[in-house]
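Engineer: See query_30.cif below, with mmCIF, C-alpha atoms and all ligand atoms.
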```cif
data_target
#
loop_
_atom_site.label_atom_id
_atom_site.label_comp_id
_atom_site.auth_asym_id
_atom_site.auth_seq_id
_atom_site.Cartn_x
_atom_site.Cartn_y
_atom_site.Cartn_z
CA MET X 96 -56.90 -31.06 -19.11
CA LYS X 97 -55.24 -32.05 -15.87
CA LYS X 98 -53.59 -35.47 -16.11
CA HIS X 99 -53.34 -38.11 -13.44
CA ASN X 100 -50.12 -39.96 -14.16
CA PHE X 101 -50.06 -43.58 -12.98
CA SER X 102 -47.04 -44.51 -15.09
CA ALA X 103 -44.81 -47.26 -13.67
CA GLY X 104 -41.63 -45.63 -14.89
CA PRO X 105 -40.46 -43.14 -15.91
CA SER X 106 -43.10 -41.72 -13.65
CA VAL X 107 -44.71 -38.73 -12.01
CA LEU X 108 -42.51 -36.06 -10.44
CA PRO X 109 -43.63 -33.09 -8.33
CA GLN X 110 -44.77 -30.15 -10.47
CA GLU X 111 -42.49 -27.74 -8.63
CA VAL X 112 -39.51 -30.01 -9.36
CA LEU X 113 -40.34 -30.01 -13.07
CA LYS X 114 -40.60 -26.23 -13.03
CA LYS X 115 -37.24 -25.73 -11.30
CA ALA X 116 -35.61 -28.30 -13.57
CA SER X 117 -36.87 -26.55 -16.69
CA GLU X 118 -35.56 -23.20 -15.43
CA ALA X 119 -32.12 -24.71 -14.79
CA ILE X 120 -32.01 -25.93 -18.38
CA VAL X 121 -32.23 -22.36 -19.60
CA ASP X 122 -30.29 -20.49 -16.91
CA PHE X 123 -28.75 -22.28 -13.97
CA GLN X 124 -28.67 -20.21 -10.78
CA GLY X 125 -28.39 -16.95 -12.72
CA LEU X 126 -25.06 -17.96 -14.28
CA GLY X 127 -26.34 -17.14 -17.76
CA LEU X 128 -25.50 -20.76 -18.63
CA SER X 129 -27.52 -23.94 -18.68
CA LEU X 130 -27.02 -26.65 -16.10
CA ILE X 131 -26.29 -29.01 -18.97
CA GLU X 132 -23.56 -26.87 -20.52
CA ILE X 133 -21.32 -26.26 -17.52
CA SER X 134 -18.49 -28.44 -16.28
CA HIS X 135 -19.38 -31.23 -13.91
CA ARG X 136 -16.29 -30.08 -12.00
CA SER X 137 -17.58 -26.52 -11.62
CA LYS X 138 -18.22 -25.49 -8.03
CA GLU X 139 -21.91 -25.10 -8.89
CA PHE X 140 -22.32 -28.69 -10.00
CA ILE X 141 -20.11 -30.12 -7.25
CA ALA X 142 -22.48 -28.43 -4.80
CA VAL X 143 -25.40 -30.23 -6.47
CA MET X 144 -23.71 -33.63 -6.21
CA ASP X 145 -22.72 -33.02 -2.58
CA LYS X 146 -26.23 -31.96 -1.69
CA ALA X 147 -27.84 -34.92 -3.45
CA GLN X 148 -25.59 -37.33 -1.58
CA ALA X 149 -26.18 -35.59 1.75
CA LEU X 150 -29.96 -35.64 1.27
CA VAL X 151 -29.92 -39.38 0.57
CA LYS X 152 -28.03 -39.99 3.81
CA GLU X 153 -30.28 -37.69 5.78
CA LEU X 154 -33.60 -38.90 4.39
CA LEU X 155 -32.73 -42.58 4.87
CA ALA X 156 -31.04 -41.93 8.24
CA LEU X 157 -27.93 -43.77 7.11
CA PRO X 158 -25.26 -44.23 9.76
CA GLU X 159 -21.59 -43.43 9.07
CA GLY X 160 -19.74 -45.81 6.79
CA TYR X 161 -21.90 -45.71 3.68
CA SER X 162 -21.07 -44.15 0.32
CA VAL X 163 -23.79 -42.71 -1.88
CA LEU X 164 -23.09 -43.06 -5.60
CA PHE X 165 -24.87 -41.75 -8.66
CA VAL X 166 -23.90 -43.97 -11.56
CA GLN X 167 -25.25 -44.74 -15.03
CA GLY X 168 -26.53 -47.81 -16.82
CA GLY X 169 -29.82 -48.13 -14.95
CA ALA X 170 -30.71 -50.66 -12.29
CA SER X 171 -30.05 -53.32 -14.94
CA THR X 172 -26.32 -52.58 -14.79
CA GLU X 173 -26.46 -53.15 -11.03
CA PHE X 174 -27.56 -56.71 -11.80
CA VAL X 175 -23.96 -57.05 -13.07
CA MET X 176 -22.14 -54.73 -10.68
CA ALA X 177 -23.43 -56.40 -7.52
CA PRO X 178 -22.02 -59.87 -8.31
CA TYR X 179 -18.90 -58.38 -9.91
CA ASN X 180 -18.07 -56.51 -6.72
CA LEU X 181 -19.35 -58.95 -4.11
CA MET X 182 -19.28 -62.54 -5.33
CA LYS X 183 -15.95 -64.08 -4.48
CA ILE X 184 -14.12 -66.20 -7.02
CA GLY X 185 -15.42 -69.70 -6.31
CA GLY X 186 -18.00 -68.14 -3.99
CA LYS X 187 -21.75 -68.26 -3.95
CA ALA X 188 -24.64 -65.81 -4.14
CA ALA X 189 -28.24 -66.25 -2.98
CA TYR X 190 -31.25 -64.67 -4.68
CA LEU X 191 -34.94 -64.46 -3.82
CA ASP X 192 -36.95 -64.71 -7.05
CA THR X 193 -40.04 -62.53 -6.74
CA GLY X 194 -40.56 -61.38 -10.30
CA SER X 195 -39.18 -60.38 -13.66
CA TRP X 196 -36.58 -58.01 -12.26
CA SER X 197 -35.30 -60.59 -9.77
CA SER X 198 -35.01 -63.18 -12.49
CA LYS X 199 -33.07 -60.78 -14.68
CA ALA X 200 -30.71 -60.15 -11.77
CA ILE X 201 -30.33 -63.92 -11.28
CA LYS X 202 -29.47 -64.40 -14.95
CA GLU X 203 -26.58 -61.93 -14.69
CA ALA X 204 -25.29 -63.35 -11.38
CA LYS X 205 -25.01 -66.79 -12.97
CA ILE X 206 -22.30 -65.39 -15.25
CA PHE X 207 -20.13 -64.86 -12.17
CA GLY X 208 -20.62 -68.07 -10.25
CA ASP X 209 -22.79 -70.33 -8.14
CA THR X 210 -26.15 -68.60 -7.85
CA VAL X 211 -28.67 -70.20 -5.50
CA VAL X 212 -32.34 -69.25 -5.79
CA VAL X 213 -33.52 -69.57 -2.17
CA ALA X 214 -37.21 -69.42 -3.10
CA SER X 215 -39.40 -68.34 -5.99
CA SER X 216 -43.02 -67.29 -6.43
CA LYS X 217 -42.94 -68.08 -10.14
CA ASP X 218 -45.28 -71.06 -9.51
CA LYS X 219 -48.20 -68.64 -8.99
CA GLY X 220 -47.27 -66.03 -11.56
CA TYR X 221 -45.36 -64.01 -8.93
CA ASN X 222 -48.48 -62.90 -7.09
CA TYR X 223 -46.98 -63.42 -3.62
CA ILE X 224 -43.73 -63.19 -1.65
CA PRO X 225 -42.20 -66.52 -0.56
CA LYS X 226 -41.60 -66.86 3.18
CA GLY X 227 -39.86 -69.27 5.52
CA TYR X 228 -36.92 -70.04 3.25
CA ASP X 229 -33.33 -70.57 4.39
CA VAL X 230 -30.50 -68.33 3.35
CA PRO X 231 -27.22 -70.25 3.05
CA LYS X 232 -24.77 -68.83 5.60
CA ASP X 233 -21.87 -69.32 3.23
CA ALA X 234 -23.41 -67.14 0.52
CA ASP X 235 -21.39 -64.00 -0.17
CA TYR X 236 -24.67 -62.08 -0.22
CA ILE X 237 -28.43 -62.43 -0.59
CA HIS X 238 -30.22 -60.32 -3.18
CA PHE X 239 -33.81 -59.07 -2.82
CA THR X 240 -36.12 -56.99 -5.00
CA SER X 241 -37.91 -54.97 -2.34
CA ASN X 242 -40.85 -54.02 -4.55
CA ASN X 243 -41.98 -55.93 -7.60
CA THR X 244 -42.99 -53.15 -9.93
CA ILE X 245 -44.63 -55.40 -12.50
CA PHE X 246 -46.61 -57.72 -10.21
CA GLY X 247 -47.42 -55.33 -7.38
CA THR X 248 -45.93 -57.20 -4.44
CA GLN X 249 -43.59 -55.82 -1.78
CA LEU X 250 -41.21 -57.28 0.77
CA ASN X 251 -41.46 -56.43 4.44
CA GLU X 252 -38.71 -58.72 5.67
CA PHE X 253 -35.15 -59.20 4.54
CA PRO X 254 -33.86 -62.32 6.29
CA GLY X 255 -30.38 -63.82 6.21
CA ASP X 256 -27.03 -63.81 8.01
CA THR X 257 -24.95 -62.54 5.16
CA LEU X 258 -24.53 -59.32 3.18
CA LYS X 259 -27.81 -57.91 1.91
CA VAL X 260 -28.17 -56.40 -1.55
CA VAL X 261 -31.50 -54.85 -2.41
CA ASP X 262 -32.97 -53.55 -5.66
CA MET X 263 -35.23 -50.74 -4.40
CA SER X 264 -35.86 -49.17 -7.79
CA SER X 265 -39.57 -48.80 -7.25
CA ASP X 266 -39.87 -48.14 -3.51
CA ILE X 267 -36.79 -46.22 -2.44
CA PHE X 268 -37.73 -43.24 -0.22
CA SER X 269 -41.30 -44.49 0.08
CA ARG X 270 -41.19 -46.03 3.56
CA THR X 271 -39.19 -46.09 6.75
CA LEU X 272 -36.91 -49.09 7.12
CA ASP X 273 -33.78 -49.75 9.08
CA TYR X 274 -31.46 -49.04 6.16
CA SER X 275 -28.41 -49.94 8.24
CA GLN X 276 -29.35 -53.62 7.79
CA PHE X 277 -28.41 -53.34 4.10
CA ASP X 278 -24.99 -53.53 2.49
CA VAL X 279 -25.90 -52.41 -1.01
CA VAL X 280 -29.11 -50.66 -2.03
CA TYR X 281 -29.63 -49.61 -5.62
CA ALA X 282 -32.42 -47.88 -7.48
CA GLY X 283 -32.87 -46.52 -10.97
CA ALA X 284 -33.91 -42.89 -10.52
CA GLN X 285 -36.92 -42.95 -12.82
CA LYS X 286 -39.47 -44.60 -10.53
CA ASN X 287 -39.47 -42.54 -7.37
CA MET X 288 -36.64 -40.02 -7.58
CA GLY X 289 -35.98 -38.34 -10.89
CA PRO X 290 -35.54 -38.80 -14.63
CA ALA X 291 -33.99 -41.87 -16.21
CA GLY X 292 -30.24 -41.62 -16.60
CA THR X 293 -28.85 -42.17 -13.16
CA THR X 294 -28.91 -45.00 -10.65
CA LEU X 295 -28.56 -44.41 -6.96
CA VAL X 296 -26.26 -46.90 -5.25
CA ILE X 297 -25.77 -46.91 -1.49
CA VAL X 298 -22.91 -49.11 -0.44
CA LYS X 299 -21.38 -49.97 2.91
CA ASP X 300 -17.73 -49.06 2.56
CA GLU X 301 -16.31 -51.95 4.58
CA ILE X 302 -17.62 -54.62 2.20
CA LEU X 303 -15.72 -53.34 -0.84
CA GLY X 304 -12.50 -54.73 -2.29
CA LYS X 305 -13.01 -58.28 -1.02
CA SER X 306 -14.19 -60.23 -4.08
CA GLY X 307 -10.68 -60.97 -5.34
CA ARG X 308 -11.85 -60.07 -8.82
CA GLN X 309 -10.27 -57.55 -11.12
CA ILE X 310 -13.14 -55.20 -11.84
CA PRO X 311 -13.36 -52.87 -14.86
CA SER X 312 -13.22 -49.29 -13.54
CA MET X 313 -16.72 -48.26 -14.59
CA LEU X 314 -18.19 -51.29 -12.80
CA ASP X 315 -16.15 -50.91 -9.63
CA TYR X 316 -18.08 -49.48 -6.65
CA GLN X 317 -14.81 -48.63 -4.93
CA ILE X 318 -13.69 -46.36 -7.78
CA HIS X 319 -17.01 -44.53 -7.92
CA ALA X 320 -16.93 -44.14 -4.13
CA ASP X 321 -13.32 -42.90 -4.08
CA LYS X 322 -14.06 -40.39 -6.84
CA GLY X 323 -17.31 -39.10 -5.32
CA SER X 324 -19.30 -40.26 -8.38
CA MET X 325 -17.04 -38.10 -10.58
CA PHE X 326 -14.82 -40.82 -12.06
CA ASN X 327 -16.26 -39.83 -15.42
CA THR X 328 -18.88 -37.28 -16.40
CA PRO X 329 -21.91 -37.97 -14.22
CA PRO X 330 -25.44 -37.61 -15.67
CA VAL X 331 -25.69 -34.01 -14.48
CA PHE X 332 -29.32 -33.38 -15.33
CA ALA X 333 -30.59 -36.61 -13.78
CA VAL X 334 -28.58 -35.96 -10.60
CA TYR X 335 -29.85 -32.39 -10.39
CA VAL X 336 -33.51 -33.35 -10.77
CA SER X 337 -33.05 -36.15 -8.23
CA MET X 338 -31.61 -33.59 -5.83
CA LEU X 339 -34.65 -31.37 -6.37
CA THR X 340 -37.00 -34.28 -5.69
CA LEU X 341 -35.14 -35.13 -2.49
CA GLU X 342 -35.39 -31.49 -1.40
CA TRP X 343 -39.12 -31.63 -2.10
CA LEU X 344 -39.36 -34.82 -0.06
CA LYS X 345 -37.52 -33.24 2.86
CA GLU X 346 -39.81 -30.20 2.79
CA ASN X 347 -42.85 -32.49 2.72
CA GLY X 348 -42.21 -34.44 5.87
CA GLY X 349 -39.35 -36.67 4.74
CA VAL X 350 -39.71 -40.42 4.45
CA THR X 351 -41.87 -40.65 7.57
CA GLY X 352 -44.30 -38.10 6.19
CA ILE X 353 -44.48 -39.60 2.72
CA GLU X 354 -44.91 -43.08 4.16
CA LYS X 355 -48.11 -41.95 5.86
CA ALA X 356 -49.38 -40.41 2.64
CA ASN X 357 -48.45 -43.53 0.68
CA GLU X 358 -50.26 -45.77 3.16
CA GLU X 359 -53.36 -43.65 2.89
CA LYS X 360 -53.35 -43.70 -0.93
CA ALA X 361 -52.78 -47.46 -1.06
CA ALA X 362 -55.43 -48.22 1.58
CA LEU X 363 -58.09 -46.22 -0.29
CA LEU X 364 -57.32 -47.86 -3.61
CA TYR X 365 -57.17 -51.42 -2.26
CA ALA X 366 -60.41 -50.86 -0.37
CA GLU X 367 -62.08 -49.88 -3.64
CA ILE X 368 -60.67 -52.95 -5.40
CA ASP X 369 -61.95 -55.19 -2.61
CA ASN X 370 -65.37 -53.57 -2.35
CA ASN X 371 -66.12 -52.97 -6.01
CA PRO X 372 -67.60 -56.10 -7.65
CA SER X 373 -66.13 -55.10 -11.03
CA PHE X 374 -62.52 -55.47 -9.84
CA VAL X 375 -60.26 -58.06 -8.31
CA GLY X 376 -56.75 -57.53 -6.95
CA PHE X 377 -53.83 -59.45 -8.43
CA ALA X 378 -51.39 -59.74 -5.50
CA ALA X 379 -51.87 -61.78 -2.32
CA LYS X 380 -53.32 -59.41 0.27
CA GLU X 381 -50.51 -59.64 2.81
CA ASP X 382 -47.90 -58.94 0.14
CA ARG X 383 -49.59 -56.02 -1.60
CA SER X 384 -47.34 -53.23 -2.78
CA LYS X 385 -47.96 -49.67 -1.63
CA MET X 386 -46.34 -48.39 -4.83
CA ASN X 387 -47.74 -50.48 -7.68
CA VAL X 388 -51.35 -51.57 -7.31
CA THR X 389 -52.26 -54.36 -9.74
CA PHE X 390 -55.83 -55.41 -10.47
CA ASN X 391 -58.11 -56.86 -13.10
CA LEU X 392 -61.68 -56.52 -14.24
CA THR X 393 -63.94 -59.35 -13.10
CA ASP X 394 -65.77 -59.05 -16.42
CA THR X 395 -63.34 -58.20 -19.23
CA SER X 396 -66.20 -57.14 -21.51
CA LEU X 397 -66.26 -53.94 -19.41
CA LYS X 398 -62.77 -53.01 -20.55
CA GLU X 399 -63.81 -50.57 -23.23
CA LYS X 400 -66.18 -48.77 -20.89
CA PHE X 401 -63.62 -48.53 -18.08
CA ASP X 402 -60.87 -47.37 -20.41
CA SER X 403 -63.05 -44.59 -21.76
CA LEU X 404 -64.04 -43.51 -18.25
CA CYS X 405 -60.32 -43.28 -17.47
CA VAL X 406 -59.57 -41.23 -20.57
CA ALA X 407 -62.42 -38.87 -19.77
CA ALA X 408 -61.05 -38.40 -16.23
CA GLY X 409 -57.52 -37.62 -17.44
CA ILE X 410 -56.10 -40.88 -16.11
CA SER X 411 -52.88 -41.79 -17.87
CA ALA X 412 -50.79 -44.99 -18.07
CA LEU X 413 -53.00 -47.36 -16.11
CA ASN X 414 -52.33 -50.41 -18.25
CA GLY X 415 -50.69 -53.40 -16.61
CA HIS X 416 -47.25 -54.51 -17.74
CA ARG X 417 -47.38 -56.28 -21.10
CA SER X 418 -46.38 -59.54 -19.39
CA VAL X 419 -49.29 -59.46 -16.89
CA GLY X 420 -52.14 -57.51 -18.51
CA GLY X 421 -54.95 -55.99 -16.50
CA TYR X 422 -54.33 -52.70 -14.76
CA ARG X 423 -51.55 -51.26 -12.67
CA ALA X 424 -51.81 -48.00 -10.79
CA SER X 425 -48.36 -46.82 -9.83
CA ILE X 426 -48.87 -44.51 -6.89
CA TYR X 427 -45.36 -43.27 -6.25
CA ASN X 428 -44.40 -40.52 -3.78
CA ALA X 429 -45.20 -37.66 -6.15
CA LEU X 430 -48.65 -38.91 -7.13
CA PRO X 431 -51.17 -36.74 -5.27
CA LEU X 432 -54.02 -38.21 -3.24
CA GLU X 433 -56.35 -36.33 -5.59
CA SER X 434 -55.27 -38.60 -8.46
CA VAL X 435 -56.13 -41.70 -6.44
CA ASN X 436 -59.56 -40.26 -5.73
CA VAL X 437 -60.11 -39.57 -9.42
CA LEU X 438 -59.26 -43.19 -10.21
CA ILE X 439 -61.57 -44.46 -7.47
CA LYS X 440 -64.40 -42.37 -8.89
CA ALA X 441 -63.84 -43.84 -12.37
CA MET X 442 -63.95 -47.34 -10.84
CA GLN X 443 -67.24 -46.51 -9.14
CA ASP X 444 -68.69 -44.91 -12.27
CA LEU X 445 -68.13 -48.19 -14.11
CA ASN X 446 -71.05 -49.69 -12.15
CA LYS X 447 -73.47 -46.89 -12.98
C1 LIG X 501 -37.56 -50.57 -13.53
C2 LIG X 501 -36.86 -51.56 -12.68
C3 LIG X 501 -35.59 -52.06 -13.02
C4 LIG X 501 -34.88 -51.70 -14.30
O1 LIG X 501 -34.39 -50.41 -14.25
P1 LIG X 501 -33.54 -49.79 -15.44
O2 LIG X 501 -33.08 -48.51 -14.83
O3 LIG X 501 -34.47 -49.62 -16.60
O4 LIG X 501 -32.43 -50.71 -15.76
C5 LIG X 501 -34.99 -52.95 -12.15
N1 LIG X 501 -35.58 -53.32 -11.01
C6 LIG X 501 -36.81 -52.86 -10.66
C7 LIG X 501 -37.42 -53.31 -9.37
C8 LIG X 501 -37.48 -51.97 -11.47
O5 LIG X 501 -38.68 -51.51 -11.12
#
```
What's the structure tokens form of this structure?
Structural biologist:
Amino acid sequence: MKKHNFSAGPSVLPQEVLKKASEAIVDFQGLGLSLIEISHRSKEFIAVMDKAQALVKELLALPEGYSVLFVQGGASTEFVMAPYNLMKIGGKAAYLDTGSWSSKAIKEAKIFGDTVVVASSKDKGYNYIPKGYDVPKDADYIHFTSNNTIFGTQLNEFPGDTLKVVDMSSDIFSRTLDYSQFDVVYAGAQKNMGPAGTTLVIVKDEILGKSGRQIPSMLDYQIHADKGSMFNTPPVFAVYVSMLTLEWLKENGGVTGIEKANEEKAALLYAEIDNNPSFVGFAAKEDRSKMNVTFNLTDTSLKEKFDSLCVAAGISALNGHRSVGGYRASIYNALPLESVNVLIKAMQDLNK
């Protein structure tokens, strides 16, 4: 039976990407060798890394002066690397607290120094994005989580007159933004780009080497940038599959094209939530995420019926995060419109 994969992460990838990836496991480019058994310094793999980096720059329309890194340790390691590389000794960092991932990032930053939380939406269970806060001008940087995967809220503005560091794990490549306003962007691959195992980091070269800290090599952006993400063995499979997904994205209209498709999917699903008396949305309307759509039943006694309608329709991984409950439909780039329509039909069938 065809499955409709609403998983929040690791999550849906294009079928053609999965097919190409599986072929490369057995025989990479007709070499008679697997992608995962050749040297990362072979010309074949270096071409993969170069292409992946070039596609990131092209798809996000990055100007000159940025390095694209593929590192390991997940987005969670970036919670450490960002302050390590950017917070000056005796300096200060600013954070916007919009959910569990932000608060985890804040916890790590506090290890390095004065960490100011400029605003938080914790008071309402993180169902909205704070606005109208001040960003201290003397902060070494301000950190944002652009999309709150667990709560289903998304930022549209990134204020502040200092360096900007953004965790885009769950909405990278999903919408057009002026990426040149950012100094560091990072994203674990497994939400919208590829398999778990690599983290994309985009860093503005001119900001590096200024913290005054001695940074362990594996946590030093400068070293990864200087070595072209080949300081040690990169996660070759994760980088390769990410490259395939970026190729797929380019062939399917790039970020502008996918943004339109994402807006359409989100609009249909939110309209159903708003019009269907059995459901209520979780996030404040103006802050709704176009990637993770969170909602609840108005009458929880209907849970068993709705869950079985979902199973019968091939809908997979619709449960909300264990900390929030309810439902969460993750509608990342690779999730087809058809899957959204199948979900909408199950929501309508609940009232029959
Ligand atoms: C999933 C997620 C993370 C954690 O990513 P890991 O790669 O598991 O460390 C961090 N931030 C956001 C916004 C996420 O969605």
Engineer: Please determine, counting only C-alpha atoms and all ligand atoms, which residue among X:Leu413, X:Leu430, X:Ile368, X:Val261 has the shortest atom-to-atom distance to ligand LIG 501 (chain X).
Structural biologist: X:Val261
Engineer: May I ask you to write as a compact mmCIF listing (two decimals) with C-alpha atoms, keeping the file's coordinate frame all residues lying at most 9 Å from ligand LIG 501 (chain X), with only C-alpha atoms and all ligand atoms counted?
Structural biologist:
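Below you can see result30.txt, which holds the result:
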```
# COMPACT_ATOMS: atom_id res chain seq x y z
CA ALA X 103 -44.81 -47.26 -13.67
CA GLY X 104 -41.63 -45.63 -14.89
CA PRO X 105 -40.46 -43.14 -15.91
CA GLN X 167 -25.25 -44.74 -15.03
CA GLY X 168 -26.53 -47.81 -16.82
CA GLY X 169 -29.82 -48.13 -14.95
CA ALA X 170 -30.71 -50.66 -12.29
CA SER X 171 -30.05 -53.32 -14.94
CA THR X 172 -26.32 -52.58 -14.79
CA GLU X 173 -26.46 -53.15 -11.03
CA PHE X 174 -27.56 -56.71 -11.80
CA GLY X 194 -40.56 -61.38 -10.30
CA SER X 195 -39.18 -60.38 -13.66
CA TRP X 196 -36.58 -58.01 -12.26
CA SER X 197 -35.30 -60.59 -9.77
CA LYS X 199 -33.07 -60.78 -14.68
CA ALA X 200 -30.71 -60.15 -11.77
CA THR X 240 -36.12 -56.99 -5.00
CA SER X 241 -37.91 -54.97 -2.34
CA ASN X 242 -40.85 -54.02 -4.55
CA ASN X 243 -41.98 -55.93 -7.60
CA THR X 244 -42.99 -53.15 -9.93
CA ILE X 245 -44.63 -55.40 -12.50
CA ASP X 262 -32.97 -53.55 -5.66
CA MET X 263 -35.23 -50.74 -4.40
CA SER X 264 -35.86 -49.17 -7.79
CA SER X 265 -39.57 -48.80 -7.25
CA ASP X 266 -39.87 -48.14 -3.51
CA TYR X 281 -29.63 -49.61 -5.62
CA ALA X 282 -32.42 -47.88 -7.48
CA GLY X 283 -32.87 -46.52 -10.97
CA ALA X 284 -33.91 -42.89 -10.52
CA GLN X 285 -36.92 -42.95 -12.82
CA LYS X 286 -39.47 -44.60 -10.53
CA ALA X 291 -33.99 -41.87 -16.21
CA GLY X 292 -30.24 -41.62 -16.60
CA THR X 293 -28.85 -42.17 -13.16
CA THR X 294 -28.91 -45.00 -10.65
```
Engineer: Between X:Glu111, X:Val375, X:Asp394, X:Phe332, which one has atoms that come closest to Ser129 in chain X, using all atoms listed in the file?
Structural biologist: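 Among X:Glu111, X:Val375, X:Asp394, X:Phe332, it is X:Phe332 that comes nearest to Ser129 in chain X.
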Engineer: Select, from X:Val151, X:Ile439, X:Val296, X:Leu432, the residue with the minimum atom-to-atom distance to Ala320 in chain X, counting all atoms listed in the file.
Structural biologist: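 So, comparing all the options, the nearest one is X:Val296.
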Engineer: The residues within 10 Å of (-41.5, -68.1, -9.8), using only C-alpha atoms and the coordinates of the file, should be reported as a ChimeraX atom specification; which are they?
Structural biologist: /X:191-195,197-198,214-225
Engineer: For Asn371 in chain X, which of X:Leu314, X:Leu445, X:Met176, X:Ile133 is the closest residue, counting all atoms listed in the file?
Structural biologist: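 The answer is X:Leu445, which sits nearest to Asn371 in chain X.
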Engineer: Restricting the calculation to only C-alpha atoms: of X:Phe207, X:Phe401, X:Tyr427, X:Phe390, which residue gets closest to Phe246 in chain X?
Structural biologist: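 Answer, going by the shortest atom-to-atom distance: X:Phe390.
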Engineer: Given the choices X:Gly247, X:Tyr335, X:Ala412, X:Lys447, which gets closest to Gly376 in chain X if the distance is worked out from only C-alpha atoms?
Structural biologist: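 Looking at the shortest contact to Gly376 in chain X, the residue is X:Gly247.
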Engineer: Between CA of Tyr179 in chain X and CA of Val336 in chain X, what distance in Å does the model show, to one decimal?
Structural biologist: 29.0 Å
Engineer: Between CA of Ala177 in chain X and CA of Ser337 in chain X, what is the spacing in Å?
Structural biologist: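 Spanning CA of Ser337 in chain X to CA of Ala177 in chain X is a straight-line distance of 22.4 Å.
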Engineer: Identify the residues around (-25.0, -59.5, -7.3) within a radius of 10 Å, measuring from all atoms listed in the file in the coordinates stated by the file, and give them as a PyMOL selection string.
Structural biologist: chain X and resi 173-182+187-190+200-201+203-205+207+210+235-239+259-261+279
Engineer: Could you rebuild range 114-118 of chain X with all heavy atoms and give me the result as a PDB file, in the coordinates of the input?
Structural biologist:
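Printed below is part23.pdb as written:
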```pdb
ATOM      1  N   LYS X 114     -40.748 -27.651 -12.712  1.00  0.00           N
ATOM      2  CA  LYS X 114     -40.600 -26.230 -13.030  1.00  0.00           C
ATOM      3  C   LYS X 114     -39.160 -25.779 -12.771  1.00  0.00           C
ATOM      4  O   LYS X 114     -38.525 -25.152 -13.626  1.00  0.00           O
ATOM      5  CB  LYS X 114     -41.590 -25.421 -12.187  1.00  0.00           C
ATOM      6  CG  LYS X 114     -41.624 -23.960 -12.526  1.00  0.00           C
ATOM      7  CD  LYS X 114     -42.936 -23.313 -12.085  1.00  0.00           C
ATOM      8  CE  LYS X 114     -42.932 -21.820 -12.417  1.00  0.00           C
ATOM      9  NZ  LYS X 114     -41.884 -21.082 -11.671  1.00  0.00           N
ATOM     10  N   LYS X 115     -38.625 -26.122 -11.615  1.00  0.00           N
ATOM     11  CA  LYS X 115     -37.240 -25.730 -11.300  1.00  0.00           C
ATOM     12  C   LYS X 115     -36.261 -26.358 -12.289  1.00  0.00           C
ATOM     13  O   LYS X 115     -35.288 -25.727 -12.705  1.00  0.00           O
ATOM     14  CB  LYS X 115     -36.876 -26.166  -9.876  1.00  0.00           C
ATOM     15  CG  LYS X 115     -37.473 -25.276  -8.795  1.00  0.00           C
ATOM     16  CD  LYS X 115     -36.984 -25.727  -7.414  1.00  0.00           C
ATOM     17  CE  LYS X 115     -37.760 -25.010  -6.311  1.00  0.00           C
ATOM     18  NZ  LYS X 115     -37.608 -25.667  -5.006  1.00  0.00           N
ATOM     19  N   ALA X 116     -36.520 -27.610 -12.648  1.00  0.00           N
ATOM     20  CA  ALA X 116     -35.610 -28.300 -13.570  1.00  0.00           C
ATOM     21  C   ALA X 116     -35.623 -27.606 -14.933  1.00  0.00           C
ATOM     22  O   ALA X 116     -34.568 -27.435 -15.559  1.00  0.00           O
ATOM     23  CB  ALA X 116     -36.028 -29.758 -13.714  1.00  0.00           C
ATOM     24  N   SER X 117     -36.802 -27.192 -15.370  1.00  0.00           N
ATOM     25  CA  SER X 117     -36.870 -26.550 -16.690  1.00  0.00           C
ATOM     26  C   SER X 117     -36.169 -25.194 -16.653  1.00  0.00           C
ATOM     27  O   SER X 117     -35.502 -24.805 -17.607  1.00  0.00           O
ATOM     28  CB  SER X 117     -38.315 -26.436 -17.162  1.00  0.00           C
ATOM     29  OG  SER X 117     -39.033 -25.575 -16.313  1.00  0.00           O
ATOM     30  N   GLU X 118     -36.266 -24.491 -15.546  1.00  0.00           N
ATOM     31  CA  GLU X 118     -35.560 -23.200 -15.430  1.00  0.00           C
ATOM     32  C   GLU X 118     -34.047 -23.403 -15.482  1.00  0.00           C
ATOM     33  O   GLU X 118     -33.332 -22.626 -16.120  1.00  0.00           O
ATOM     34  CB  GLU X 118     -35.950 -22.505 -14.118  1.00  0.00           C
ATOM     35  CG  GLU X 118     -37.370 -21.924 -14.160  1.00  0.00           C
ATOM     36  CD  GLU X 118     -37.955 -21.590 -12.776  1.00  0.00           C
ATOM     37  OE1 GLU X 118     -37.236 -21.732 -11.755  1.00  0.00           O
ATOM     38  OE2 GLU X 118     -39.133 -21.222 -12.731  1.00  0.00           O
TER      39      GLU X 118
END
```
